[in-house]
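Enquirer: Got a structure for you, questions after.
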Amino acid sequence: MSKIIKLTEEQQIIWNQVASLAKKEIAPKAEAIDQEEKFPREIIQKLGEMGLMGLVIDPEYGGSGLDYLTYAIVGEELNAACASTGVIFSAHNSLALGPINKFGTEEQKKKYLPEMCSGKRLGAFALSEPVSGSDAGALICKYEDKGDHFVVNGTKNFITNGPECDVVVLLATKDMELKHRGVSAFIVDRQLEGISVGKVEGKMGIKGSGTSQLIFEGVKVPKENLLGKEGDGFKIAMVTLDGGRIGIAAQALGIGRAALEAALRFSQERETFGKPVSRHQGPQFMIADMATKLEAARLLTWQAAVLQDRGEPFFKEAAMAKLFASEASNFITDKALQLHGGYGFCKEYPVERHYRDQRITEIYEGTSEVQRIVIGSAVTKEFRG
Ligand code: CAA
C-alpha cells in the first residue's frame, strides 16, 4: 500500500469495513457470479445499505459525502473481490450519479439522487452507439424539441447496467451536422414508454454485470429532464468520463492486486526443482515487476483522485491513471497466470477469471488509444519550452 499518501482515520475505517465485506461476503461469491453470469443483486443492495452507492454525493441528497480518494480505495477493494460487482458500482457512481450531481438542477438532484444513493434505483450512462465508440462526437441518436417535451430515437451500445438500470444519463444529438455542439444530455427514467433492452452481450469477463443495447423509440422525455444546457452534452460526457476513468483505474488496480496475491499464494505452495516456485529467481523477477507496476498504478490512481478532491484539473492525470493501471493489470494478470503454469489456464483457480476480467479495463470508458490522445494533447499544450 502507498506509504506516501497518509489516509485520514475515516478513510482507513471505510477501507477496513469494505475490505472485510469484500473478503467475507463478495469474494466467496465471485466465481459463481462469473460462471452463472448472475447480476449480484443482494451485494448491490448491501452496498446501498452501507452508503457506497452514493459514495461522494452530499448527505443532503442521500449520499455519504465521502471523497474521491475513498471512492478509489473502495473501488480497488470491491474489484479485488469481484470485478462484476466493481463495474456495477463504478458505472452507477461515476457515470450516472456523477453528471446528475455535477450538472443537475436542485429539482433534478432532489428527485433522482436519494433513491439512487440508497441503491434502490440503479444508474447507467448511454453514450456509445453501434456506429460511434471512440469517436464519441459522431453519435446519431437523435432528439427533437416538441415544444413541451423532447422525443428521442436511437440505439445505444455496450451500456453497463443496461438490462438492470432504472435511470439513464443519455446523450443524443439535435443535428449531426453540428458535430459535438449538437449533443445534449438527458436524465431518462427507464420505465418511460418506448425504451427497451436490445442485444445483451455475452462477454469474456465481468460476466455478472449486464451489458446491453438500450433502444429508444419515440421516447417522450420531459423538458425538465434536460441535464445542463442544450448543446452541453458532449462536454458533460467528457467531464463525466474524466471521473469515470479513476473508477476504471481502481478496477484495474483491484483485479491486478487479486491476481498478484493469487500468484503469491500459488507460487509459495507449489514446488519445482526442490523448492517453492516463488524462491526461484525467474519467478522472483516476475513478482518484482508485478508488485512495482501495481504500486505505480496505485500512486497514479490516488493522485488523480486527490486532484479531483481538491477541485483541481485532473483529466490528464485520470487518463494517465487509467492507461497505466489497465496496462499494468494486463501485465500482472498475464504473469500471474504464467506463474500458475497449466493450472492458470483452468477455471479451478481464480487467476483465470482475473485474466479475463482485466481485459475490458483497456477498452471501456476510453480505450488505451483514447487515453493516449488525451494525454498527448495535454502534455503538448502544457510544454512551454
Ligand atoms: N472536459 C471538458 N471539455 C472537454 C474535455 C474534457 N475532458 N474533452 C474535450 N472537451 C471539449 C473540448 O474543449 C472541445 O470544446 P470546444 O467545442 O469548446 O472547442 C470539445 O469538447 C470537443 O473536444 P475535442 O475536439 O477534443 O473532441 P474529439 O471529438 O476530438 O474527441 C476524444 C476527443 C478524447 C477522443 C473523445 O471523443 C473521447 O473521450 N472518446 C472516448 C469516449 C469514451 O470514453 N467512451 C466510453 C463510453 S462509456 C463506456 O465505456 C460504457 C460503460 O457503460 C462503462
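Residues are named by chain letter and number: chains run A, B, ... in the order of the C-alpha cells, numbers start at 1 in each chain, and ligands are numbered from 1 in the order shown.
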Find the residues near ligand 1. Use a cut-off of 9 Å, count only C-alpha atoms and all ligand atoms, and write them as an MDAnalysis selection string.

Expert: chainID A and resid 87:88 90:91 95 124:128 132:138 157:162 179:181 211 234:242 244:245 248 314:316 363:367 369:374 377

Enquirer: The selected residues should be written to file as a PDB file, in the first residue's frame (atoms: C-alpha atoms).

Expert:
ATOM      1  CA  VAL A  87     -18.064  -2.184 -12.549  1.00  0.00           C
ATOM      2  CA  ILE A  88     -21.724  -2.027 -11.490  1.00  0.00           C
ATOM      3  CA  SER A  90     -18.367   2.274 -10.740  1.00  0.00           C
ATOM      4  CA  ALA A  91     -20.800   2.893 -13.631  1.00  0.00           C
ATOM      5  CA  LEU A  95     -21.236   7.700 -14.882  1.00  0.00           C
ATOM      6  CA  ALA A 124     -26.415   3.796 -16.383  1.00  0.00           C
ATOM      7  CA  PHE A 125     -24.700   6.070 -18.902  1.00  0.00           C
ATOM      8  CA  ALA A 126     -25.663   5.855 -22.577  1.00  0.00           C
ATOM      9  CA  LEU A 127     -23.082   7.407 -24.882  1.00  0.00           C
ATOM     10  CA  SER A 128     -21.680   4.697 -27.216  1.00  0.00           C
ATOM     11  CA  SER A 132     -19.753   5.504 -32.583  1.00  0.00           C
ATOM     12  CA  GLY A 133     -17.453   4.492 -29.747  1.00  0.00           C
ATOM     13  CA  SER A 134     -14.079   6.211 -29.505  1.00  0.00           C
ATOM     14  CA  ASP A 135     -15.364   8.981 -31.799  1.00  0.00           C
ATOM     15  CA  ALA A 136     -17.994   9.889 -29.239  1.00  0.00           C
ATOM     16  CA  GLY A 137     -18.983  13.115 -31.007  1.00  0.00           C
ATOM     17  CA  ALA A 138     -20.171  11.135 -34.044  1.00  0.00           C
ATOM     18  CA  ASN A 157     -24.498   0.164 -27.330  1.00  0.00           C
ATOM     19  CA  PHE A 158     -22.430  -1.556 -24.635  1.00  0.00           C
ATOM     20  CA  ILE A 159     -24.368   0.009 -21.765  1.00  0.00           C
ATOM     21  CA  THR A 160     -23.064  -1.189 -18.408  1.00  0.00           C
ATOM     22  CA  ASN A 161     -26.105  -1.852 -16.155  1.00  0.00           C
ATOM     23  CA  GLY A 162     -28.259  -1.586 -19.312  1.00  0.00           C
ATOM     24  CA  LYS A 179     -20.953  17.611 -34.507  1.00  0.00           C
ATOM     25  CA  HIS A 180     -20.252  17.647 -30.760  1.00  0.00           C
ATOM     26  CA  ARG A 181     -22.012  21.017 -30.339  1.00  0.00           C
ATOM     27  CA  THR A 211     -24.026  -5.036 -20.781  1.00  0.00           C
ATOM     28  CA  PHE A 234     -20.560  16.369 -25.200  1.00  0.00           C
ATOM     29  CA  LYS A 235     -18.686  18.317 -22.531  1.00  0.00           C
ATOM     30  CA  ILE A 236     -20.875  16.779 -19.824  1.00  0.00           C
ATOM     31  CA  ALA A 237     -19.941  13.354 -21.220  1.00  0.00           C
ATOM     32  CA  MET A 238     -16.224  14.199 -21.303  1.00  0.00           C
ATOM     33  CA  VAL A 239     -16.197  15.557 -17.740  1.00  0.00           C
ATOM     34  CA  THR A 240     -18.160  12.502 -16.601  1.00  0.00           C
ATOM     35  CA  LEU A 241     -15.641  10.180 -18.236  1.00  0.00           C
ATOM     36  CA  ASP A 242     -12.733  12.051 -16.612  1.00  0.00           C
ATOM     37  CA  GLY A 244     -15.134   7.534 -14.534  1.00  0.00           C
ATOM     38  CA  ARG A 245     -11.578   6.822 -15.623  1.00  0.00           C
ATOM     39  CA  ILE A 248     -11.705   2.064 -14.036  1.00  0.00           C
ATOM     40  CA  PHE A 314      -7.391  16.150 -13.194  1.00  0.00           C
ATOM     41  CA  PHE A 315      -8.389  14.969 -16.679  1.00  0.00           C
ATOM     42  CA  LYS A 316      -4.801  14.280 -17.808  1.00  0.00           C
ATOM     43  CA  ILE A 363     -11.239  -0.685 -23.592  1.00  0.00           C
ATOM     44  CA  TYR A 364     -14.226   0.846 -21.818  1.00  0.00           C
ATOM     45  CA  GLU A 365     -14.525   4.468 -20.675  1.00  0.00           C
ATOM     46  CA  GLY A 366     -11.987   5.269 -23.393  1.00  0.00           C
ATOM     47  CA  THR A 367      -9.559   2.786 -24.935  1.00  0.00           C
ATOM     48  CA  GLU A 369      -5.504   4.721 -27.524  1.00  0.00           C
ATOM     49  CA  VAL A 370      -8.047   7.391 -26.491  1.00  0.00           C
ATOM     50  CA  GLN A 371      -6.175   7.908 -23.204  1.00  0.00           C
ATOM     51  CA  ARG A 372      -3.000   8.454 -25.238  1.00  0.00           C
ATOM     52  CA  ILE A 373      -4.827  11.063 -27.369  1.00  0.00           C
ATOM     53  CA  VAL A 374      -5.939  12.888 -24.198  1.00  0.00           C
ATOM     54  CA  SER A 377      -2.631  16.539 -26.426  1.00  0.00           C
TER      55      SER A 377
END

Enquirer: Which parts of stretch 264-353 of chain A does DSSP call helix (DSSP H, G or I) when run on the backbone here, written out as an mmCIF file with N, CA, C and O atoms, in the first residue's frame?

Expert:
data_model
loop_
_atom_site.group_PDB
_atom_site.id
_atom_site.type_symbol
_atom_site.label_atom_id
_atom_site.label_comp_id
_atom_site.auth_asym_id
_atom_site.auth_seq_id
_atom_site.Cartn_x
_atom_site.Cartn_y
_atom_site.Cartn_z
ATOM 1 N N LEU A 264 1.132 -15.187 -5.670
ATOM 2 C CA LEU A 264 1.997 -15.357 -4.492
ATOM 3 C C LEU A 264 1.589 -16.611 -3.717
ATOM 4 O O LEU A 264 2.427 -17.428 -3.321
ATOM 5 N N ARG A 265 0.282 -16.740 -3.532
ATOM 6 C CA ARG A 265 -0.237 -17.891 -2.786
ATOM 7 C C ARG A 265 0.190 -19.198 -3.477
ATOM 8 O O ARG A 265 0.742 -20.091 -2.866
ATOM 9 N N PHE A 266 -0.058 -19.250 -4.775
ATOM 10 C CA PHE A 266 0.230 -20.470 -5.533
ATOM 11 C C PHE A 266 1.729 -20.748 -5.554
ATOM 12 O O PHE A 266 2.180 -21.870 -5.307
ATOM 13 N N SER A 267 2.523 -19.728 -5.843
ATOM 14 C CA SER A 267 3.954 -19.961 -6.067
ATOM 15 C C SER A 267 4.703 -20.234 -4.758
ATOM 16 O O SER A 267 5.814 -20.746 -4.768
ATOM 17 N N GLN A 268 4.081 -19.902 -3.619
ATOM 18 C CA GLN A 268 4.713 -20.251 -2.346
ATOM 19 C C GLN A 268 4.414 -21.701 -1.959
ATOM 20 O O GLN A 268 5.167 -22.334 -1.237
ATOM 21 N N GLU A 269 3.282 -22.211 -2.446
ATOM 22 C CA GLU A 269 2.904 -23.595 -2.111
ATOM 23 C C GLU A 269 3.492 -24.609 -3.080
ATOM 24 O O GLU A 269 3.932 -25.684 -2.693
ATOM 25 N N VAL A 277 8.133 -22.463 -6.067
ATOM 26 C CA VAL A 277 8.276 -21.690 -7.318
ATOM 27 C C VAL A 277 8.725 -20.257 -7.001
ATOM 28 O O VAL A 277 9.592 -19.690 -7.669
ATOM 29 N N SER A 278 8.154 -19.684 -5.952
ATOM 30 C CA SER A 278 8.432 -18.278 -5.619
ATOM 31 C C SER A 278 9.891 -18.032 -5.225
ATOM 32 O O SER A 278 10.332 -16.890 -5.177
ATOM 33 N N ARG A 279 10.632 -19.120 -4.916
ATOM 34 C CA ARG A 279 12.021 -18.909 -4.490
ATOM 35 C C ARG A 279 13.032 -19.067 -5.618
ATOM 36 O O ARG A 279 14.225 -18.898 -5.430
ATOM 37 N N GLN A 281 14.715 -17.588 -9.082
ATOM 38 C CA GLN A 281 14.973 -16.197 -9.457
ATOM 39 C C GLN A 281 14.029 -15.699 -10.571
ATOM 40 O O GLN A 281 13.555 -14.562 -10.512
ATOM 41 N N GLY A 282 13.752 -16.551 -11.561
ATOM 42 C CA GLY A 282 12.857 -16.139 -12.655
ATOM 43 C C GLY A 282 11.511 -15.660 -12.128
ATOM 44 O O GLY A 282 11.104 -14.518 -12.389
ATOM 45 N N PRO A 283 10.789 -16.487 -11.355
ATOM 46 C CA PRO A 283 9.524 -16.046 -10.764
ATOM 47 C C PRO A 283 9.680 -14.803 -9.874
ATOM 48 O O PRO A 283 8.819 -13.926 -9.863
ATOM 49 N N GLN A 284 10.810 -14.731 -9.133
ATOM 50 C CA GLN A 284 11.003 -13.544 -8.269
ATOM 51 C C GLN A 284 11.067 -12.266 -9.094
ATOM 52 O O GLN A 284 10.535 -11.231 -8.701
ATOM 53 N N PHE A 285 11.730 -12.353 -10.255
ATOM 54 C CA PHE A 285 11.800 -11.177 -11.127
ATOM 55 C C PHE A 285 10.399 -10.795 -11.619
ATOM 56 O O PHE A 285 10.043 -9.626 -11.688
ATOM 57 N N MET A 286 9.626 -11.814 -11.954
ATOM 58 C CA MET A 286 8.233 -11.537 -12.394
ATOM 59 C C MET A 286 7.457 -10.861 -11.259
ATOM 60 O O MET A 286 6.765 -9.863 -11.470
ATOM 61 N N ILE A 287 7.574 -11.417 -10.063
ATOM 62 C CA ILE A 287 6.836 -10.887 -8.903
ATOM 63 C C ILE A 287 7.269 -9.441 -8.621
ATOM 64 O O ILE A 287 6.445 -8.573 -8.325
ATOM 65 N N ALA A 288 8.565 -9.197 -8.759
ATOM 66 C CA ALA A 288 9.079 -7.830 -8.523
ATOM 67 C C ALA A 288 8.452 -6.843 -9.509
ATOM 68 O O ALA A 288 7.997 -5.751 -9.124
ATOM 69 N N ASP A 289 8.395 -7.220 -10.782
ATOM 70 C CA ASP A 289 7.812 -6.326 -11.795
ATOM 71 C C ASP A 289 6.318 -6.132 -11.561
ATOM 72 O O ASP A 289 5.788 -5.025 -11.704
ATOM 73 N N MET A 290 5.641 -7.212 -11.183
ATOM 74 C CA MET A 290 4.190 -7.131 -10.938
ATOM 75 C C MET A 290 3.916 -6.169 -9.769
ATOM 76 O O MET A 290 3.059 -5.288 -9.861
ATOM 77 N N ALA A 291 4.654 -6.352 -8.682
ATOM 78 C CA ALA A 291 4.423 -5.529 -7.479
ATOM 79 C C ALA A 291 4.766 -4.064 -7.744
ATOM 80 O O ALA A 291 4.069 -3.146 -7.278
ATOM 81 N N THR A 292 5.816 -3.830 -8.512
ATOM 82 C CA THR A 292 6.235 -2.447 -8.792
ATOM 83 C C THR A 292 5.207 -1.746 -9.664
ATOM 84 O O THR A 292 4.829 -0.585 -9.402
ATOM 85 N N LYS A 293 4.724 -2.435 -10.694
ATOM 86 C CA LYS A 293 3.711 -1.832 -11.567
ATOM 87 C C LYS A 293 2.417 -1.556 -10.781
ATOM 88 O O LYS A 293 1.758 -0.539 -10.995
ATOM 89 N N LEU A 294 2.081 -2.468 -9.885
ATOM 90 C CA LEU A 294 0.866 -2.286 -9.088
ATOM 91 C C LEU A 294 0.972 -1.028 -8.220
ATOM 92 O O LEU A 294 0.042 -0.224 -8.138
ATOM 93 N N GLU A 295 2.118 -0.876 -7.588
ATOM 94 C CA GLU A 295 2.319 0.283 -6.708
ATOM 95 C C GLU A 295 2.283 1.591 -7.512
ATOM 96 O O GLU A 295 1.688 2.580 -7.095
ATOM 97 N N ALA A 296 2.921 1.581 -8.691
ATOM 98 C CA ALA A 296 2.917 2.785 -9.543
ATOM 99 C C ALA A 296 1.493 3.097 -9.999
ATOM 100 O O ALA A 296 1.071 4.264 -10.025
ATOM 101 N N ALA A 297 0.740 2.063 -10.328
ATOM 102 C CA ALA A 297 -0.657 2.252 -10.755
ATOM 103 C C ALA A 297 -1.477 2.864 -9.618
ATOM 104 O O ALA A 297 -2.297 3.758 -9.828
ATOM 105 N N ARG A 298 -1.220 2.391 -8.397
ATOM 106 C CA ARG A 298 -1.983 2.928 -7.249
ATOM 107 C C ARG A 298 -1.645 4.395 -7.022
ATOM 108 O O ARG A 298 -2.521 5.225 -6.787
ATOM 109 N N LEU A 299 -0.370 4.723 -7.114
ATOM 110 C CA LEU A 299 0.027 6.119 -6.910
ATOM 111 C C LEU A 299 -0.619 7.033 -7.950
ATOM 112 O O LEU A 299 -1.100 8.116 -7.628
ATOM 113 N N LEU A 300 -0.635 6.611 -9.214
ATOM 114 C CA LEU A 300 -1.261 7.432 -10.262
ATOM 115 C C LEU A 300 -2.765 7.568 -10.023
ATOM 116 O O LEU A 300 -3.346 8.640 -10.218
ATOM 117 N N THR A 301 -3.377 6.481 -9.598
ATOM 118 C CA THR A 301 -4.831 6.493 -9.363
ATOM 119 C C THR A 301 -5.163 7.416 -8.187
ATOM 120 O O THR A 301 -6.073 8.254 -8.263
ATOM 121 N N TRP A 302 -4.418 7.278 -7.126
ATOM 122 C CA TRP A 302 -4.657 8.124 -5.947
ATOM 123 C C TRP A 302 -4.362 9.588 -6.265
ATOM 124 O O TRP A 302 -5.048 10.486 -5.801
ATOM 125 N N GLN A 303 -3.322 9.821 -7.062
ATOM 126 C CA GLN A 303 -3.005 11.210 -7.422
ATOM 127 C C GLN A 303 -4.185 11.862 -8.144
ATOM 128 O O GLN A 303 -4.588 12.991 -7.830
ATOM 129 N N ALA A 304 -4.755 11.143 -9.130
ATOM 130 C CA ALA A 304 -5.891 11.697 -9.883
ATOM 131 C C ALA A 304 -7.069 11.956 -8.934
ATOM 132 O O ALA A 304 -7.740 12.991 -9.022
ATOM 133 N N ALA A 305 -7.309 11.022 -8.005
ATOM 134 C CA ALA A 305 -8.432 11.170 -7.074
ATOM 135 C C ALA A 305 -8.213 12.360 -6.129
ATOM 136 O O ALA A 305 -9.142 13.130 -5.861
ATOM 137 N N VAL A 306 -6.986 12.518 -5.664
ATOM 138 C CA VAL A 306 -6.696 13.635 -4.747
ATOM 139 C C VAL A 306 -6.872 14.974 -5.475
ATOM 140 O O VAL A 306 -7.432 15.935 -4.925
ATOM 141 N N LEU A 307 -6.435 15.047 -6.734
ATOM 142 C CA LEU A 307 -6.625 16.282 -7.505
ATOM 143 C C LEU A 307 -8.113 16.579 -7.667
ATOM 144 O O LEU A 307 -8.552 17.729 -7.542
ATOM 145 N N GLN A 308 -8.901 15.532 -7.945
ATOM 146 C CA GLN A 308 -10.348 15.736 -8.073
ATOM 147 C C GLN A 308 -10.929 16.232 -6.745
ATOM 148 O O GLN A 308 -11.757 17.139 -6.719
ATOM 149 N N ASP A 309 -10.461 15.664 -5.649
ATOM 150 C CA ASP A 309 -10.927 16.116 -4.326
ATOM 151 C C ASP A 309 -10.593 17.579 -4.065
ATOM 152 O O ASP A 309 -11.358 18.303 -3.446
ATOM 153 N N ARG A 310 -9.434 17.995 -4.568
ATOM 154 C CA ARG A 310 -9.021 19.390 -4.342
ATOM 155 C C ARG A 310 -9.698 20.368 -5.297
ATOM 156 O O ARG A 310 -9.458 21.562 -5.219
ATOM 157 N N PHE A 315 -8.053 15.843 -15.540
ATOM 158 C CA PHE A 315 -8.389 14.969 -16.679
ATOM 159 C C PHE A 315 -7.167 14.234 -17.226
ATOM 160 O O PHE A 315 -7.244 13.048 -17.552
ATOM 161 N N LYS A 316 -6.007 14.931 -17.281
ATOM 162 C CA LYS A 316 -4.801 14.280 -17.808
ATOM 163 C C LYS A 316 -4.360 13.173 -16.842
ATOM 164 O O LYS A 316 -4.041 12.052 -17.264
ATOM 165 N N GLU A 317 -4.373 13.477 -15.551
ATOM 166 C CA GLU A 317 -3.925 12.500 -14.555
ATOM 167 C C GLU A 317 -4.871 11.287 -14.497
ATOM 168 O O GLU A 317 -4.430 10.158 -14.265
ATOM 169 N N ALA A 318 -6.188 11.555 -14.719
ATOM 170 C CA ALA A 318 -7.145 10.431 -14.733
ATOM 171 C C ALA A 318 -6.871 9.538 -15.942
ATOM 172 O O ALA A 318 -6.922 8.301 -15.849
ATOM 173 N N ALA A 319 -6.565 10.162 -17.087
ATOM 174 C CA ALA A 319 -6.256 9.376 -18.292
ATOM 175 C C ALA A 319 -4.959 8.590 -18.082
ATOM 176 O O ALA A 319 -4.868 7.414 -18.465
ATOM 177 N N MET A 320 -3.962 9.226 -17.441
ATOM 178 C CA MET A 320 -2.694 8.521 -17.163
ATOM 179 C C MET A 320 -2.938 7.341 -16.223
ATOM 180 O O MET A 320 -2.384 6.252 -16.409
ATOM 181 N N ALA A 321 -3.750 7.578 -15.206
ATOM 182 C CA ALA A 321 -4.038 6.513 -14.227
ATOM 183 C C ALA A 321 -4.727 5.339 -14.915
ATOM 184 O O ALA A 321 -4.341 4.180 -14.728
ATOM 185 N N LYS A 322 -5.733 5.649 -15.732
ATOM 186 C CA LYS A 322 -6.456 4.546 -16.402
ATOM 187 C C LYS A 322 -5.546 3.819 -17.383
ATOM 188 O O LYS A 322 -5.513 2.585 -17.417
ATOM 189 N N LEU A 323 -4.802 4.575 -18.163
ATOM 190 C CA LEU A 323 -3.906 3.957 -19.148
ATOM 191 C C LEU A 323 -2.894 3.049 -18.449
ATOM 192 O O LEU A 323 -2.740 1.875 -18.795
ATOM 193 N N PHE A 324 -2.227 3.612 -17.445
ATOM 194 C CA PHE A 324 -1.153 2.846 -16.815
ATOM 195 C C PHE A 324 -1.697 1.668 -16.011
ATOM 196 O O PHE A 324 -1.193 0.548 -16.105
ATOM 197 N N ALA A 325 -2.746 1.940 -15.230
ATOM 198 C CA ALA A 325 -3.279 0.866 -14.364
ATOM 199 C C ALA A 325 -3.832 -0.291 -15.198
ATOM 200 O O ALA A 325 -3.637 -1.461 -14.862
ATOM 201 N N SER A 326 -4.520 0.026 -16.300
ATOM 202 C CA SER A 326 -5.113 -1.060 -17.093
ATOM 203 C C SER A 326 -4.029 -1.872 -17.796
ATOM 204 O O SER A 326 -4.109 -3.102 -17.858
ATOM 205 N N GLU A 327 -3.003 -1.197 -18.303
ATOM 206 C CA GLU A 327 -1.931 -1.941 -18.982
ATOM 207 C C GLU A 327 -1.059 -2.688 -17.961
ATOM 208 O O GLU A 327 -0.574 -3.793 -18.234
ATOM 209 N N ALA A 328 -0.873 -2.098 -16.784
ATOM 210 C CA ALA A 328 -0.145 -2.791 -15.715
ATOM 211 C C ALA A 328 -0.917 -4.047 -15.308
ATOM 212 O O ALA A 328 -0.344 -5.118 -15.087
ATOM 213 N N SER A 329 -2.233 -3.900 -15.233
ATOM 214 C CA SER A 329 -3.070 -5.021 -14.826
ATOM 215 C C SER A 329 -3.042 -6.128 -15.883
ATOM 216 O O SER A 329 -3.105 -7.325 -15.543
ATOM 217 N N ASN A 330 -2.909 -5.743 -17.140
ATOM 218 C CA ASN A 330 -2.746 -6.737 -18.208
ATOM 219 C C ASN A 330 -1.466 -7.534 -17.958
ATOM 220 O O ASN A 330 -1.463 -8.765 -17.966
ATOM 221 N N PHE A 331 -0.390 -6.817 -17.687
ATOM 222 C CA PHE A 331 0.909 -7.456 -17.426
ATOM 223 C C PHE A 331 0.817 -8.380 -16.204
ATOM 224 O O PHE A 331 1.254 -9.532 -16.224
ATOM 225 N N ILE A 332 0.208 -7.839 -15.143
ATOM 226 C CA ILE A 332 0.176 -8.583 -13.870
ATOM 227 C C ILE A 332 -0.682 -9.852 -13.995
ATOM 228 O O ILE A 332 -0.272 -10.932 -13.556
ATOM 229 N N THR A 333 -1.860 -9.718 -14.606
ATOM 230 C CA THR A 333 -2.728 -10.900 -14.708
ATOM 231 C C THR A 333 -2.091 -11.950 -15.631
ATOM 232 O O THR A 333 -2.198 -13.152 -15.372
ATOM 233 N N ASP A 334 -1.397 -11.484 -16.670
ATOM 234 C CA ASP A 334 -0.733 -12.426 -17.586
ATOM 235 C C ASP A 334 0.384 -13.181 -16.861
ATOM 236 O O ASP A 334 0.491 -14.405 -16.931
ATOM 237 N N LYS A 335 1.198 -12.440 -16.121
ATOM 238 C CA LYS A 335 2.318 -13.085 -15.406
ATOM 239 C C LYS A 335 1.783 -13.962 -14.269
ATOM 240 O O LYS A 335 2.346 -15.019 -13.979
ATOM 241 N N ALA A 336 0.698 -13.524 -13.648
ATOM 242 C CA ALA A 336 0.115 -14.322 -12.555
ATOM 243 C C ALA A 336 -0.369 -15.658 -13.096
ATOM 244 O O ALA A 336 -0.170 -16.716 -12.478
ATOM 245 N N LEU A 337 -0.977 -15.612 -14.266
ATOM 246 C CA LEU A 337 -1.447 -16.856 -14.898
ATOM 247 C C LEU A 337 -0.250 -17.742 -15.234
ATOM 248 O O LEU A 337 -0.238 -18.940 -14.957
ATOM 249 N N GLN A 338 0.800 -17.136 -15.774
ATOM 250 C CA GLN A 338 2.006 -17.887 -16.155
ATOM 251 C C GLN A 338 2.621 -18.574 -14.931
ATOM 252 O O GLN A 338 3.072 -19.716 -15.007
ATOM 253 N N LEU A 339 2.624 -17.870 -13.809
ATOM 254 C CA LEU A 339 3.205 -18.443 -12.591
ATOM 255 C C LEU A 339 2.417 -19.653 -12.078
ATOM 256 O O LEU A 339 2.936 -20.459 -11.315
ATOM 257 N N GLY A 341 1.403 -21.901 -14.107
ATOM 258 C CA GLY A 341 1.604 -22.986 -15.070
ATOM 259 C C GLY A 341 0.268 -23.424 -15.664
ATOM 260 O O GLY A 341 -0.637 -22.596 -15.845
ATOM 261 N N GLY A 342 0.134 -24.713 -15.912
ATOM 262 C CA GLY A 342 -1.097 -25.240 -16.525
ATOM 263 C C GLY A 342 -2.337 -24.943 -15.697
ATOM 264 O O GLY A 342 -3.431 -24.767 -16.237
ATOM 265 N N TYR A 343 -2.172 -24.859 -14.367
ATOM 266 C CA TYR A 343 -3.337 -24.597 -13.511
ATOM 267 C C TYR A 343 -3.939 -23.223 -13.789
ATOM 268 O O TYR A 343 -5.126 -22.990 -13.598
ATOM 269 N N GLY A 344 -3.091 -22.285 -14.241
ATOM 270 C CA GLY A 344 -3.582 -20.932 -14.523
ATOM 271 C C GLY A 344 -4.591 -20.897 -15.655
ATOM 272 O O GLY A 344 -5.408 -19.975 -15.753
ATOM 273 N N PHE A 345 -4.524 -21.902 -16.502
ATOM 274 C CA PHE A 345 -5.414 -21.966 -17.661
ATOM 275 C C PHE A 345 -6.736 -22.628 -17.303
ATOM 276 O O PHE A 345 -7.661 -22.665 -18.115
ATOM 277 N N VAL A 351 -7.256 -17.045 -10.942
ATOM 278 C CA VAL A 351 -6.433 -16.208 -11.823
ATOM 279 C C VAL A 351 -6.962 -16.226 -13.258
ATOM 280 O O VAL A 351 -6.851 -15.236 -13.988
ATOM 281 N N GLU A 352 -7.617 -17.309 -13.642
ATOM 282 C CA GLU A 352 -8.208 -17.399 -14.993
ATOM 283 C C GLU A 352 -9.291 -16.325 -15.143
ATOM 284 O O GLU A 352 -9.415 -15.676 -16.185
ATOM 285 N N ARG A 353 -10.073 -16.110 -14.087
ATOM 286 C CA ARG A 353 -11.122 -15.068 -14.107
ATOM 287 C C ARG A 353 -10.501 -13.675 -14.116
ATOM 288 O O ARG A 353 -10.933 -12.793 -14.865
#

Enquirer: Counting only C-alpha atoms, which residues in stretch 63-121 of chain A sit no more than 10 Å from stretch 37-48 of chain A? For each one, give the nearest pair of atoms and the distance in Å, sorted by chain then residue number, as a tab-separated table.

Expert:
residue	atom	partner	partner_atom	distance
A:Gly63	CA	A:Gly48	CA	9.8
A:Cys82	CA	A:Pro40	CA	9.8
A:Ser84	CA	A:Phe39	CA	8.0
A:Thr85	CA	A:Pro40	CA	6.7
A:Gly86	CA	A:Ile44	CA	9.8
A:Ile88	CA	A:Ile44	CA	8.1
A:Phe89	CA	A:Ile44	CA	7.6
A:Glu115	CA	A:Gly48	CA	9.6
A:Met116	CA	A:Gly48	CA	8.6
A:Cys117	CA	A:Gly48	CA	6.6
A:Ser118	CA	A:Gly48	CA	4.7
A:Gly119	CA	A:Gly48	CA	4.3
A:Lys120	CA	A:Gln45	CA	7.5
A:Arg121	CA	A:Gly48	CA	9.7

Enquirer: How many Å separate atom CA of A:Pro59 from atom CA of A:Pro163?

Expert: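 Atom-to-atom, atom CA of A:Pro59 and atom CA of A:Pro163 are spaced 28.3 Å apart.
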
Enquirer: Please indicate the distance in Å from atom CA of A:Ser20 to atom CA of A:Ile360, rounded to one decimal place.

Expert: 26.2 Å

Enquirer: One decimal, Å: what's the distance from atom CA of A:Pro114 over to atom CA of A:Ile100, could you say?

Expert: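 Separating atom CA of A:Pro114 from atom CA of A:Ile100 is a distance of 11.6 Å.
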
Enquirer: Skipping near chain neighbours, those fewer than 2 positions away, what residues fall within 6 Å of A:Leu170 using only C-alpha atoms, listed as a PDB file with N, CA, C and O atoms, in the first residue's frame?

Expert:
ATOM      1  N   ALA A 126     -25.479   6.320 -21.193  1.00  0.00           N
ATOM      2  CA  ALA A 126     -25.663   5.855 -22.577  1.00  0.00           C
ATOM      3  C   ALA A 126     -25.049   6.854 -23.557  1.00  0.00           C
ATOM      4  O   ALA A 126     -25.684   7.835 -23.943  1.00  0.00           O
ATOM      5  N   VAL A 168     -31.194   6.513 -16.657  1.00  0.00           N
ATOM      6  CA  VAL A 168     -30.135   6.553 -17.667  1.00  0.00           C
ATOM      7  C   VAL A 168     -29.739   8.007 -17.931  1.00  0.00           C
ATOM      8  O   VAL A 168     -30.605   8.848 -18.158  1.00  0.00           O
ATOM      9  N   ALA A 185     -27.515  16.308 -23.073  1.00  0.00           N
ATOM     10  CA  ALA A 185     -27.622  15.202 -22.102  1.00  0.00           C
ATOM     11  C   ALA A 185     -29.001  15.245 -21.434  1.00  0.00           C
ATOM     12  O   ALA A 185     -29.544  16.329 -21.186  1.00  0.00           O
ATOM     13  N   PHE A 186     -29.540  14.075 -21.147  1.00  0.00           N
ATOM     14  CA  PHE A 186     -30.867  13.978 -20.529  1.00  0.00           C
ATOM     15  C   PHE A 186     -30.836  12.941 -19.401  1.00  0.00           C
ATOM     16  O   PHE A 186     -30.098  11.960 -19.482  1.00  0.00           O
TER      17      PHE A 186
END
